$ cat target_32.pdb   # PDB, C-alpha atoms, pLDDT in the B column
ATOM      1  CA  MET A  65     -12.944   1.716 -18.661  1.00 55.00           C
ATOM      2  CA  ASN A  66     -14.212   2.595 -15.190  1.00 74.00           C
ATOM      3  CA  SER A  67     -14.212   6.323 -14.518  1.00 89.00           C
ATOM      4  CA  LEU A  68     -13.469   8.082 -11.258  1.00 96.00           C
ATOM      5  CA  HIS A  69     -16.319   9.817  -9.419  1.00 97.00           C
ATOM      6  CA  PHE A  70     -15.690  12.057  -6.419  1.00 97.00           C
ATOM      7  CA  THR A  71     -18.361  11.631  -3.742  1.00 97.00           C
ATOM      8  CA  ALA A  72     -17.194  13.843  -0.849  1.00 98.00           C
ATOM      9  CA  ARG A  73     -14.601  16.537  -0.134  1.00 97.00           C
ATOM     10  CA  SER A  74     -13.116  18.073   3.003  1.00 96.00           C
ATOM     11  CA  SER A  75      -9.888  19.868   3.909  1.00 94.00           C
ATOM     12  CA  SER A  76      -7.790  20.541   6.987  1.00 92.00           C
ATOM     13  CA  ASN A  77      -4.248  21.685   7.722  1.00 90.00           C
ATOM     14  CA  GLY A  78      -3.377  22.142   4.068  1.00 91.00           C
ATOM     15  CA  VAL A  79      -4.618  18.707   2.961  1.00 95.00           C
ATOM     16  CA  VAL A  80      -7.664  18.048   0.769  1.00 96.00           C
ATOM     17  CA  GLU A  81      -9.392  14.692   1.290  1.00 97.00           C
ATOM     18  CA  ARG A  82     -11.650  13.472  -1.533  1.00 97.00           C
ATOM     19  CA  ASP A  83     -13.652  10.256  -1.370  1.00 98.00           C
ATOM     20  CA  PHE A  84     -14.108   8.574  -4.735  1.00 98.00           C
ATOM     21  CA  THR A  85     -15.327   5.456  -6.467  1.00 98.00           C
ATOM     22  CA  VAL A  86     -13.892   3.651  -9.480  1.00 98.00           C
ATOM     23  CA  GLY A  87     -16.661   1.341 -10.604  1.00 95.00           C
ATOM     24  CA  ASP A  88     -17.963  -0.062  -7.327  1.00 95.00           C
ATOM     25  CA  VAL A  89     -14.613   0.211  -5.510  1.00 98.00           C
ATOM     26  CA  PRO A  90     -14.434   3.010  -2.904  1.00 98.00           C
ATOM     27  CA  GLY A  91     -11.241   4.948  -2.276  1.00 98.00           C
ATOM     28  CA  VAL A  92      -9.835   8.191  -0.941  1.00 98.00           C
ATOM     29  CA  LEU A  93      -7.401  10.685  -2.469  1.00 98.00           C
ATOM     30  CA  TRP A  94      -5.391  13.119  -0.359  1.00 98.00           C
ATOM     31  CA  SER A  95      -3.853  16.147  -2.111  1.00 96.00           C
ATOM     32  CA  PRO A  96      -2.273  19.501  -1.214  1.00 94.00           C
ATOM     33  CA  VAL A  97      -4.720  22.407  -0.875  1.00 91.00           C
ATOM     34  CA  SER A  98      -2.351  24.547  -2.930  1.00 78.00           C
ATOM     35  CA  ALA A  99      -1.555  22.015  -5.610  1.00 62.00           C
ATOM     36  CA  ALA A 100       1.497  22.364  -7.795  1.00 61.00           C
ATOM     37  CA  ASP A 101       1.221  22.012 -11.556  1.00 70.00           C
ATOM     38  CA  ARG A 102       1.957  18.291 -11.317  1.00 87.00           C
ATOM     39  CA  ALA A 103       2.934  16.071  -8.402  1.00 93.00           C
ATOM     40  CA  PRO A 104       3.900  12.406  -7.921  1.00 96.00           C
ATOM     41  CA  LEU A 105       1.307   9.878  -6.789  1.00 98.00           C
ATOM     42  CA  VAL A 106       1.742   7.249  -4.075  1.00 98.00           C
ATOM     43  CA  LEU A 107      -0.772   4.395  -3.970  1.00 98.00           C
ATOM     44  CA  MET A 108      -1.129   2.707  -0.591  1.00 98.00           C
ATOM     45  CA  GLY A 109      -2.460  -0.649   0.574  1.00 98.00           C
ATOM     46  CA  HIS A 110      -3.993  -0.997   4.036  1.00 98.00           C
ATOM     47  CA  GLY A 111      -3.462  -3.831   6.492  1.00 96.00           C
ATOM     48  CA  GLY A 112      -5.697  -6.843   7.075  1.00 96.00           C
ATOM     49  CA  GLY A 113      -8.905  -6.065   8.939  1.00 95.00           C
ATOM     50  CA  ASN A 114      -8.430  -2.321   8.370  1.00 96.00           C
ATOM     51  CA  HIS A 115      -9.727   0.117   5.752  1.00 98.00           C
ATOM     52  CA  LYS A 116      -8.780   3.016   3.501  1.00 98.00           C
ATOM     53  CA  LYS A 117      -9.101   5.683   6.230  1.00 97.00           C
ATOM     54  CA  HIS A 118      -7.437   3.734   9.035  1.00 97.00           C
ATOM     55  CA  PRO A 119      -5.185   6.075  11.075  1.00 96.00           C
ATOM     56  CA  ALA A 120      -2.102   4.397   9.622  1.00 96.00           C
ATOM     57  CA  MET A 121      -3.304   5.316   6.122  1.00 98.00           C
ATOM     58  CA  SER A 122      -4.365   8.883   6.853  1.00 97.00           C
ATOM     59  CA  GLY A 123      -1.240   9.500   8.931  1.00 97.00           C
ATOM     60  CA  ARG A 124       1.134   8.302   6.214  1.00 97.00           C
ATOM     61  CA  ALA A 125      -0.825  10.211   3.602  1.00 97.00           C
ATOM     62  CA  ARG A 126      -0.537  13.468   5.502  1.00 96.00           C
ATOM     63  CA  LEU A 127       3.224  13.019   5.831  1.00 96.00           C
ATOM     64  CA  LEU A 128       3.515  12.684   2.062  1.00 97.00           C
ATOM     65  CA  VAL A 129       1.057  15.434   1.195  1.00 96.00           C
ATOM     66  CA  ALA A 130       2.101  18.050   3.735  1.00 93.00           C
ATOM     67  CA  GLY A 131       5.793  17.215   3.644  1.00 91.00           C
ATOM     68  CA  CYS A 132       6.319  16.529  -0.077  1.00 92.00           C
ATOM     69  CA  GLY A 133       3.328  17.930  -1.937  1.00 94.00           C
ATOM     70  CA  PHE A 134       2.444  14.454  -3.248  1.00 96.00           C
ATOM     71  CA  HIS A 135      -0.962  12.954  -4.005  1.00 97.00           C
ATOM     72  CA  VAL A 136      -1.816   9.790  -2.055  1.00 98.00           C
ATOM     73  CA  ALA A 137      -4.618   7.313  -2.740  1.00 98.00           C
ATOM     74  CA  VAL A 138      -5.845   4.077  -1.205  1.00 98.00           C
ATOM     75  CA  ILE A 139      -8.822   1.845  -1.956  1.00 98.00           C
ATOM     76  CA  ASP A 140     -10.690  -0.532   0.317  1.00 98.00           C
ATOM     77  CA  ALA A 141      -9.486  -4.076  -0.276  1.00 98.00           C
ATOM     78  CA  PRO A 142     -12.134  -6.693  -1.147  1.00 98.00           C
ATOM     79  CA  GLY A 143     -14.177  -7.564   1.940  1.00 97.00           C
ATOM     80  CA  HIS A 144     -12.804  -4.567   3.876  1.00 98.00           C
ATOM     81  CA  GLY A 145     -13.987  -1.098   4.821  1.00 97.00           C
ATOM     82  CA  ASP A 146     -17.103  -0.088   2.912  1.00 97.00           C
ATOM     83  CA  ARG A 147     -17.089  -3.268   0.819  1.00 97.00           C
ATOM     84  CA  PRO A 148     -19.312  -6.228   1.726  1.00 97.00           C
ATOM     85  CA  ARG A 149     -17.864  -9.514   2.882  1.00 97.00           C
ATOM     86  CA  THR A 150     -18.537 -12.645   0.880  1.00 97.00           C
ATOM     87  CA  ALA A 151     -19.165 -16.090   2.332  1.00 98.00           C
ATOM     88  CA  HIS A 152     -15.535 -16.867   1.501  1.00 97.00           C
ATOM     89  CA  ASP A 153     -14.371 -13.840   3.514  1.00 97.00           C
ATOM     90  CA  GLU A 154     -16.464 -14.872   6.494  1.00 98.00           C
ATOM     91  CA  ALA A 155     -15.140 -18.437   6.403  1.00 98.00           C
ATOM     92  CA  GLU A 156     -11.492 -17.366   6.243  1.00 97.00           C
ATOM     93  CA  ILE A 157     -11.907 -14.824   9.035  1.00 97.00           C
ATOM     94  CA  ALA A 158     -13.645 -17.398  11.226  1.00 97.00           C
ATOM     95  CA  GLU A 159     -10.816 -19.866  10.596  1.00 97.00           C
ATOM     96  CA  LEU A 160      -8.239 -17.219  11.521  1.00 97.00           C
ATOM     97  CA  PHE A 161      -9.991 -16.457  14.799  1.00 96.00           C
ATOM     98  CA  ARG A 162     -10.283 -20.185  15.538  1.00 97.00           C
ATOM     99  CA  ALA A 163      -6.554 -20.723  14.993  1.00 96.00           C
ATOM    100  CA  ARG A 164      -5.714 -17.675  17.089  1.00 94.00           C
ATOM    101  CA  ALA A 165      -7.879 -18.877  19.981  1.00 96.00           C
ATOM    102  CA  ALA A 166      -6.304 -22.339  19.774  1.00 97.00           C
ATOM    103  CA  GLY A 167      -2.771 -20.954  19.733  1.00 95.00           C
ATOM    104  CA  GLU A 168      -2.130 -22.360  16.265  1.00 96.00           C
ATOM    105  CA  PRO A 169       0.011 -20.579  13.633  1.00 95.00           C
ATOM    106  CA  GLU A 170      -1.866 -17.874  11.771  1.00 94.00           C
ATOM    107  CA  GLY A 171       0.503 -17.734   8.817  1.00 96.00           C
ATOM    108  CA  PRO A 172      -0.969 -20.490   6.605  1.00 96.00           C
ATOM    109  CA  ILE A 173      -4.454 -18.965   6.833  1.00 97.00           C
ATOM    110  CA  VAL A 174      -3.325 -15.374   6.315  1.00 97.00           C
ATOM    111  CA  VAL A 175      -1.108 -16.321   3.365  1.00 98.00           C
ATOM    112  CA  ARG A 176      -3.938 -18.228   1.678  1.00 97.00           C
ATOM    113  CA  TYR A 177      -6.573 -15.558   2.279  1.00 98.00           C
ATOM    114  CA  ASN A 178      -4.329 -12.637   1.329  1.00 98.00           C
ATOM    115  CA  ASP A 179      -3.342 -14.385  -1.893  1.00 98.00           C
ATOM    116  CA  HIS A 180      -7.040 -14.664  -2.771  1.00 98.00           C
ATOM    117  CA  LEU A 181      -7.594 -10.967  -1.999  1.00 98.00           C
ATOM    118  CA  ALA A 182      -4.552  -9.975  -4.051  1.00 98.00           C
ATOM    119  CA  GLU A 183      -5.961 -11.716  -7.137  1.00 98.00           C
ATOM    120  CA  LEU A 184      -9.132  -9.646  -6.790  1.00 98.00           C
ATOM    121  CA  ALA A 185      -7.400  -6.388  -5.887  1.00 98.00           C
ATOM    122  CA  LEU A 186      -4.749  -6.290  -8.633  1.00 98.00           C
ATOM    123  CA  PRO A 187      -7.140  -5.284 -11.460  1.00 97.00           C
ATOM    124  CA  GLU A 188      -8.842  -2.855  -9.081  1.00 98.00           C
ATOM    125  CA  TYR A 189      -5.559  -1.079  -8.350  1.00 98.00           C
ATOM    126  CA  ARG A 190      -4.784  -0.944 -12.062  1.00 98.00           C
ATOM    127  CA  ALA A 191      -8.198   0.574 -12.809  1.00 98.00           C
ATOM    128  CA  THR A 192      -7.725   3.076  -9.977  1.00 98.00           C
ATOM    129  CA  LEU A 193      -4.318   4.107 -11.295  1.00 98.00           C
ATOM    130  CA  ASP A 194      -5.745   4.473 -14.802  1.00 97.00           C
ATOM    131  CA  ALA A 195      -8.496   6.746 -13.467  1.00 98.00           C
ATOM    132  CA  LEU A 196      -6.248   8.845 -11.212  1.00 97.00           C
ATOM    133  CA  GLN A 197      -3.807   9.486 -14.036  1.00 97.00           C
ATOM    134  CA  GLN A 198      -6.609  11.158 -15.958  1.00 96.00           C
ATOM    135  CA  LEU A 199      -6.598  13.963 -13.378  1.00 95.00           C
ATOM    136  CA  PRO A 200      -4.599  16.980 -14.617  1.00 92.00           C
ATOM    137  CA  GLU A 201      -2.849  17.380 -11.255  1.00 93.00           C
ATOM    138  CA  ILE A 202      -1.445  13.834 -11.541  1.00 95.00           C
ATOM    139  CA  GLY A 203      -1.159  13.104 -15.261  1.00 93.00           C
ATOM    140  CA  ALA A 204      -0.370   9.964 -17.204  1.00 94.00           C
ATOM    141  CA  ASP A 205       3.414  10.336 -17.270  1.00 91.00           C
ATOM    142  CA  GLY A 206       4.264  11.235 -13.679  1.00 92.00           C
ATOM    143  CA  PRO A 207       6.130   9.010 -11.203  1.00 96.00           C
ATOM    144  CA  VAL A 208       4.081   6.601  -9.088  1.00 98.00           C
ATOM    145  CA  GLY A 209       5.047   4.822  -5.872  1.00 98.00           C
ATOM    146  CA  TYR A 210       3.403   2.076  -3.808  1.00 98.00           C
ATOM    147  CA  TRP A 211       3.412   1.742   0.001  1.00 98.00           C
ATOM    148  CA  GLY A 212       1.870  -1.243   1.790  1.00 98.00           C
ATOM    149  CA  ILE A 213       2.764  -3.252   4.902  1.00 97.00           C
ATOM    150  CA  ASN A 214       1.280  -6.623   5.996  1.00 97.00           C
ATOM    151  CA  MET A 215      -1.728  -7.289   3.735  1.00 98.00           C
ATOM    152  CA  GLY A 216      -0.676  -4.190   1.818  1.00 98.00           C
ATOM    153  CA  THR A 217       2.477  -6.126   0.908  1.00 98.00           C
ATOM    154  CA  ALA A 218       0.506  -9.245  -0.078  1.00 98.00           C
ATOM    155  CA  ILE A 219      -1.506  -7.125  -2.507  1.00 98.00           C
ATOM    156  CA  GLY A 220       1.316  -4.779  -3.451  1.00 98.00           C
ATOM    157  CA  ILE A 221       3.982  -7.261  -4.539  1.00 98.00           C
ATOM    158  CA  PRO A 222       1.830  -8.873  -7.272  1.00 98.00           C
ATOM    159  CA  PHE A 223       0.621  -5.412  -8.311  1.00 98.00           C
ATOM    160  CA  VAL A 224       4.093  -3.877  -8.551  1.00 98.00           C
ATOM    161  CA  ALA A 225       5.459  -6.993 -10.269  1.00 98.00           C
ATOM    162  CA  ALA A 226       2.822  -6.615 -12.983  1.00 98.00           C
ATOM    163  CA  GLU A 227       2.640  -2.811 -13.214  1.00 98.00           C
ATOM    164  CA  PRO A 228       5.478  -0.982 -15.030  1.00 97.00           C
ATOM    165  CA  ARG A 229       4.187   2.441 -13.956  1.00 98.00           C
ATOM    166  CA  ILE A 230       5.337   1.897 -10.353  1.00 98.00           C
ATOM    167  CA  THR A 231       8.841   3.335  -9.913  1.00 97.00           C
ATOM    168  CA  ALA A 232       9.524   2.711  -6.194  1.00 98.00           C
ATOM    169  CA  ALA A 233       7.846   0.749  -3.391  1.00 98.00           C
ATOM    170  CA  VAL A 234       7.852   0.232   0.384  1.00 98.00           C
ATOM    171  CA  PHE A 235       6.874  -3.231   1.649  1.00 98.00           C
ATOM    172  CA  GLY A 236       7.266  -5.304   4.801  1.00 98.00           C
ATOM    173  CA  GLN A 237       6.022  -7.829   7.334  1.00 98.00           C
ATOM    174  CA  HIS A 238       4.722 -10.743   5.315  1.00 98.00           C
ATOM    175  CA  TRP A 239       5.503 -14.392   4.647  1.00 98.00           C
ATOM    176  CA  PRO A 240       7.448 -15.348   1.491  1.00 98.00           C
ATOM    177  CA  ASP A 241       5.364 -18.428   0.594  1.00 95.00           C
ATOM    178  CA  VAL A 242       3.490 -17.147  -2.476  1.00 96.00           C
ATOM    179  CA  LEU A 243       5.185 -13.762  -2.769  1.00 98.00           C
ATOM    180  CA  ALA A 244       8.857 -14.676  -3.288  1.00 98.00           C
ATOM    181  CA  GLU A 245       8.386 -15.771  -6.905  1.00 98.00           C
ATOM    182  CA  LYS A 246       6.537 -12.540  -7.691  1.00 98.00           C
ATOM    183  CA  ALA A 247       9.165 -10.470  -5.856  1.00 98.00           C
ATOM    184  CA  LYS A 248      11.786 -11.881  -8.227  1.00 98.00           C
ATOM    185  CA  ARG A 249      10.104  -9.885 -11.012  1.00 98.00           C
ATOM    186  CA  ILE A 250      10.447  -6.565  -9.179  1.00 98.00           C
ATOM    187  CA  THR A 251      13.462  -4.427 -10.081  1.00 98.00           C
ATOM    188  CA  VAL A 252      12.427  -0.955  -8.879  1.00 98.00           C
ATOM    189  CA  PRO A 253      13.985   0.499  -5.685  1.00 98.00           C
ATOM    190  CA  ILE A 254      12.571  -1.137  -2.548  1.00 98.00           C
ATOM    191  CA  GLU A 255      12.508  -0.299   1.154  1.00 98.00           C
ATOM    192  CA  PHE A 256      11.498  -3.282   3.316  1.00 98.00           C
ATOM    193  CA  ASP A 257      10.456  -3.304   6.999  1.00 98.00           C
ATOM    194  CA  LEU A 258      10.966  -6.322   9.257  1.00 98.00           C
ATOM    195  CA  GLN A 259      10.315  -6.784  12.975  1.00 98.00           C
ATOM    196  CA  TRP A 260      13.086  -8.909  14.528  1.00 97.00           C
ATOM    197  CA  ASP A 261      10.847 -10.314  17.265  1.00 98.00           C
ATOM    198  CA  ASP A 262       7.709 -10.820  15.151  1.00 97.00           C
ATOM    199  CA  GLU A 263       5.625 -13.542  16.808  1.00 96.00           C
ATOM    200  CA  HIS A 264       4.007 -14.550  13.504  1.00 95.00           C
ATOM    201  CA  ILE A 265       6.657 -14.105  10.801  1.00 97.00           C
ATOM    202  CA  SER A 266      10.060 -15.611  11.583  1.00 97.00           C
ATOM    203  CA  ARG A 267      13.279 -13.742  10.885  1.00 97.00           C
ATOM    204  CA  GLU A 268      14.164 -16.348   8.282  1.00 97.00           C
ATOM    205  CA  GLU A 269      10.849 -15.866   6.489  1.00 98.00           C
ATOM    206  CA  GLY A 270      11.142 -12.092   6.484  1.00 98.00           C
ATOM    207  CA  LEU A 271      14.723 -12.207   5.218  1.00 98.00           C
ATOM    208  CA  ALA A 272      13.759 -14.723   2.512  1.00 98.00           C
ATOM    209  CA  LEU A 273      11.146 -12.353   1.116  1.00 98.00           C
ATOM    210  CA  PHE A 274      13.547  -9.405   1.164  1.00 98.00           C
ATOM    211  CA  ASP A 275      16.219 -11.482  -0.547  1.00 98.00           C
ATOM    212  CA  ALA A 276      13.832 -12.454  -3.349  1.00 98.00           C
ATOM    213  CA  PHE A 277      13.508  -8.933  -4.779  1.00 98.00           C
ATOM    214  CA  ALA A 278      15.572  -8.472  -7.943  1.00 98.00           C
ATOM    215  CA  SER A 279      16.015  -4.757  -7.272  1.00 98.00           C
ATOM    216  CA  LYS A 280      19.559  -3.425  -7.539  1.00 97.00           C
ATOM    217  CA  GLU A 281      18.654  -0.895  -4.872  1.00 98.00           C
ATOM    218  CA  LYS A 282      16.859  -2.372  -1.879  1.00 98.00           C
ATOM    219  CA  SER A 283      17.131  -1.445   1.793  1.00 98.00           C
ATOM    220  CA  LEU A 284      16.250  -3.670   4.744  1.00 98.00           C
ATOM    221  CA  HIS A 285      14.998  -1.881   7.864  1.00 98.00           C
ATOM    222  CA  VAL A 286      15.039  -4.201  10.876  1.00 98.00           C
ATOM    223  CA  ASN A 287      13.745  -3.148  14.290  1.00 98.00           C
ATOM    224  CA  SER A 288      13.338  -5.028  17.535  1.00 97.00           C
ATOM    225  CA  GLY A 289       9.789  -5.610  18.662  1.00 97.00           C
ATOM    226  CA  ALA A 290       6.681  -7.643  17.937  1.00 97.00           C
ATOM    227  CA  HIS A 291       4.531  -7.716  14.816  1.00 96.00           C
ATOM    228  CA  LYS A 292       2.444  -4.660  15.703  1.00 94.00           C
ATOM    229  CA  GLU A 293       5.369  -2.637  17.076  1.00 97.00           C
ATOM    230  CA  LEU A 294       6.777  -1.255  13.823  1.00 97.00           C
ATOM    231  CA  PRO A 295       8.269   2.095  14.911  1.00 97.00           C
ATOM    232  CA  ARG A 296       6.527   5.203  13.665  1.00 94.00           C
ATOM    233  CA  PHE A 297       9.847   6.651  12.519  1.00 97.00           C
ATOM    234  CA  GLU A 298       9.841   4.095   9.716  1.00 98.00           C
ATOM    235  CA  ALA A 299       7.058   6.173   8.157  1.00 97.00           C
ATOM    236  CA  ASP A 300       9.415   9.164   8.095  1.00 97.00           C
ATOM    237  CA  SER A 301      12.026   6.957   6.427  1.00 98.00           C
ATOM    238  CA  ALA A 302       9.510   5.893   3.786  1.00 98.00           C
ATOM    239  CA  VAL A 303       8.701   9.539   3.055  1.00 97.00           C
ATOM    240  CA  ARG A 304      12.396  10.281   2.507  1.00 97.00           C
ATOM    241  CA  PHE A 305      12.627   7.180   0.286  1.00 98.00           C
ATOM    242  CA  PHE A 306       9.750   8.319  -1.931  1.00 98.00           C
ATOM    243  CA  THR A 307      11.076  11.869  -2.108  1.00 97.00           C
ATOM    244  CA  ARG A 308      14.407  10.479  -3.294  1.00 96.00           C
ATOM    245  CA  HIS A 309      12.909   8.257  -5.976  1.00 97.00           C
ATOM    246  CA  LEU A 310       9.782  10.109  -7.125  1.00 96.00           C
ATOM    247  CA  GLY A 311      11.202  13.624  -7.094  1.00 89.00           C
ATOM    248  CA  ALA A 312       9.271  16.679  -6.011  1.00 72.00           C
ATOM    249  CA  ALA A 313       6.068  18.389  -6.989  1.00 69.00           C
ATOM    250  CA  THR A 314       6.558  20.857  -9.822  1.00 54.00           C
ATOM    251  CA  THR A 315       5.471  24.457  -9.369  1.00 47.00           C
ATOM    252  CA  PRO A 316       3.417  26.253 -11.989  1.00 41.00           C
ATOM    253  CA  SER A 317       5.428  28.237 -14.508  1.00 37.00           C
ATOM    254  CA  ALA A 318       5.216  32.009 -14.354  1.00 33.00           C
TER
END
$ encode --input "target_32.pdb" --output "structure tokens"
Amino acid sequence: MNSLHFTARSSSNGVVERDFTVGDVPGVLWSPVSAADRAPLVLMGHGGGNHKKHPAMSGRARLLVAGCGFHVAVIDAPGHGDRPRTAHDEAEIAELFRARAAGEPEGPIVVRYNDHLAELALPEYRATLDALQQLPEIGADGPVGYWGINMGTAIGIPFVAAEPRITAAVFGQHWPDVLAEKAKRITVPIEFDLQWDDEHISREEGLALFDAFASKEKSLHVNSGAHKELPRFEADSAVRFFTRHLGAATTPSA
């Protein structure tokens, strides 16, 4: 079993940020400075071309830590952040840029590449969860959520479908091609974000992926705007969603 090693620590505005590695996979864990006895954990997945400390990741983490007292962790996806790119990564990225410059659809390339990354990332997320649950402030029996949009959804749906420890998840903005069959195995509460005017993912494709989830409780959040115009208030909605389904941090007993 890969163990967790902390490599750096800093704190600001009531939030502790700790860099870590699990095996050779780098990640970051955000926690409250004044930690409760135990608190829920939310694992996050970053978007394509981004990394574990992208502003979207650190911003969402701070909402959950400062607002709810949760722990939040994210790892760099294969070929992203502090992880080296393989020849396969370079070829897929070059093909994406070629299609974009030619005005061709990006979806087929992104779907194929993200599916490849998801296969690599799923065992890494499982190993990370195993390691984080060894920490006394998280524990092995506490609730765990998952939050990932775009590539974070491509990685997150297979992970949540295969991982019974996840009790609630926020997804959005991806094609259904290879994910719909996996989504049919997910029954935990879901919140799903969709941009109505997305220039890459059609409304029909977004709705098809949402419809595939087998969850009895699932909410569709649709906003006008293009692919990169997901409103920031949807992050506040996700925080309320996780608070509802993961509970609250527990305070130490007297």
$ closest_residue --input "target_32.pdb" --among "A:Ala103, A:Ile230, A:Val252, A:Leu284" --to "A:Leu128" --atoms "all atoms listed in the file"
A:Ala103
$ resolve_selection --input "target_32.pdb" --expression "the PyMOL selection byres ((chain A and resi 171) around 12)" --output "PyMOL selection string"
chain A and resi 159-160+163-164+167-170+172-179+214-215+237-242+262-266+269
$ residues_around --input "target_32.pdb" --residues "A:Lys280" --least-positions-apart "3" --cutoff "12 Å" --atoms "all atoms listed in the file" --output "PyMOL selection string"
chain A and resi 232+248-255+275-277+283
$ resolve_selection --input "target_32.pdb" --expression "the PyMOL selection byres ((chain A and resi 147-150) around 12)" --output "ChimeraX atom specification"
/A:85,88-91,113-116,139-146,151-157,181
$ closest_residue --input "target_32.pdb" --among "A:Ala166, A:Gln197, A:Arg126, A:Trp260" --to "A:Asp300" --atoms "all atoms listed in the file"
A:Arg126
$ closest_residue --input "target_32.pdb" --among "A:Gly123, A:Pro96, A:Gly216, A:Pro187" --to "A:Arg82" --atoms "all atoms listed in the file"
A:Pro96
$ decode --input "target_32.pdb" --residues "stretch 232-287 of chain A" --atoms "C-alpha atoms" --output "PDB file, in the first residue's frame"
ATOM      1  CA  ALA A 232     -22.416  12.267  -2.876  1.00  0.00           C
ATOM      2  CA  ALA A 233     -20.940  13.844  -6.015  1.00  0.00           C
ATOM      3  CA  VAL A 234     -21.027  16.987  -8.167  1.00  0.00           C
ATOM      4  CA  PHE A 235     -20.362  16.539 -11.896  1.00  0.00           C
ATOM      5  CA  GLY A 236     -20.962  18.442 -15.123  1.00  0.00           C
ATOM      6  CA  GLN A 237     -19.964  19.538 -18.607  1.00  0.00           C
ATOM      7  CA  HIS A 238     -18.900  16.391 -20.402  1.00  0.00           C
ATOM      8  CA  TRP A 239     -19.986  14.185 -23.288  1.00  0.00           C
ATOM      9  CA  PRO A 240     -21.976  10.996 -22.566  1.00  0.00           C
ATOM     10  CA  ASP A 241     -20.158   8.753 -25.075  1.00  0.00           C
ATOM     11  CA  VAL A 242     -18.151   6.525 -22.711  1.00  0.00           C
ATOM     12  CA  LEU A 243     -19.545   7.829 -19.429  1.00  0.00           C
ATOM     13  CA  ALA A 244     -23.277   7.066 -19.712  1.00  0.00           C
ATOM     14  CA  GLU A 245     -22.867   3.329 -19.103  1.00  0.00           C
ATOM     15  CA  LYS A 246     -20.739   4.017 -16.025  1.00  0.00           C
ATOM     16  CA  ALA A 247     -23.197   6.662 -14.791  1.00  0.00           C
ATOM     17  CA  LYS A 248     -25.907   3.991 -14.772  1.00  0.00           C
ATOM     18  CA  ARG A 249     -24.033   2.344 -11.883  1.00  0.00           C
ATOM     19  CA  ILE A 250     -24.106   5.477  -9.721  1.00  0.00           C
ATOM     20  CA  THR A 251     -26.917   5.718  -7.169  1.00  0.00           C
ATOM     21  CA  VAL A 252     -25.599   8.314  -4.701  1.00  0.00           C
ATOM     22  CA  PRO A 253     -27.056  11.867  -4.711  1.00  0.00           C
ATOM     23  CA  ILE A 254     -25.817  13.896  -7.689  1.00  0.00           C
ATOM     24  CA  GLU A 255     -25.717  17.578  -8.608  1.00  0.00           C
ATOM     25  CA  PHE A 256     -24.989  18.146 -12.313  1.00  0.00           C
ATOM     26  CA  ASP A 257     -23.988  21.397 -14.068  1.00  0.00           C
ATOM     27  CA  LEU A 258     -24.777  22.080 -17.726  1.00  0.00           C
ATOM     28  CA  GLN A 259     -24.204  25.178 -19.857  1.00  0.00           C
ATOM     29  CA  TRP A 260     -27.162  25.700 -22.219  1.00  0.00           C
ATOM     30  CA  ASP A 261     -25.079  27.449 -24.879  1.00  0.00           C
ATOM     31  CA  ASP A 262     -21.976  25.239 -24.637  1.00  0.00           C
ATOM     32  CA  GLU A 263     -20.151  25.440 -27.971  1.00  0.00           C
ATOM     33  CA  HIS A 264     -18.594  21.987 -27.519  1.00  0.00           C
ATOM     34  CA  ILE A 265     -21.170  19.850 -25.696  1.00  0.00           C
ATOM     35  CA  SER A 266     -24.697  19.977 -27.111  1.00  0.00           C
ATOM     36  CA  ARG A 267     -27.736  20.286 -24.873  1.00  0.00           C
ATOM     37  CA  GLU A 268     -28.818  16.821 -25.954  1.00  0.00           C
ATOM     38  CA  GLU A 269     -25.457  15.334 -24.991  1.00  0.00           C
ATOM     39  CA  GLY A 270     -25.424  17.027 -21.605  1.00  0.00           C
ATOM     40  CA  LEU A 271     -28.989  15.951 -20.850  1.00  0.00           C
ATOM     41  CA  ALA A 272     -28.220  12.378 -21.955  1.00  0.00           C
ATOM     42  CA  LEU A 273     -25.399  12.111 -19.432  1.00  0.00           C
ATOM     43  CA  PHE A 274     -27.537  13.545 -16.633  1.00  0.00           C
ATOM     44  CA  ASP A 275     -30.362  11.168 -17.498  1.00  0.00           C
ATOM     45  CA  ALA A 276     -28.042   8.156 -17.302  1.00  0.00           C
ATOM     46  CA  PHE A 277     -27.402   8.443 -13.553  1.00  0.00           C
ATOM     47  CA  ALA A 278     -29.388   5.883 -11.557  1.00  0.00           C
ATOM     48  CA  SER A 279     -29.516   8.158  -8.514  1.00  0.00           C
ATOM     49  CA  LYS A 280     -32.929   8.623  -6.920  1.00  0.00           C
ATOM     50  CA  GLU A 281     -31.835  12.111  -5.937  1.00  0.00           C
ATOM     51  CA  LYS A 282     -30.203  14.071  -8.740  1.00  0.00           C
ATOM     52  CA  SER A 283     -30.429  17.776  -9.537  1.00  0.00           C
ATOM     53  CA  LEU A 284     -29.770  19.392 -12.913  1.00  0.00           C
ATOM     54  CA  HIS A 285     -28.399  22.943 -12.821  1.00  0.00           C
ATOM     55  CA  VAL A 286     -28.668  24.600 -16.232  1.00  0.00           C
ATOM     56  CA  ASN A 287     -27.320  28.083 -16.930  1.00  0.00           C
TER      57      ASN A 287
END
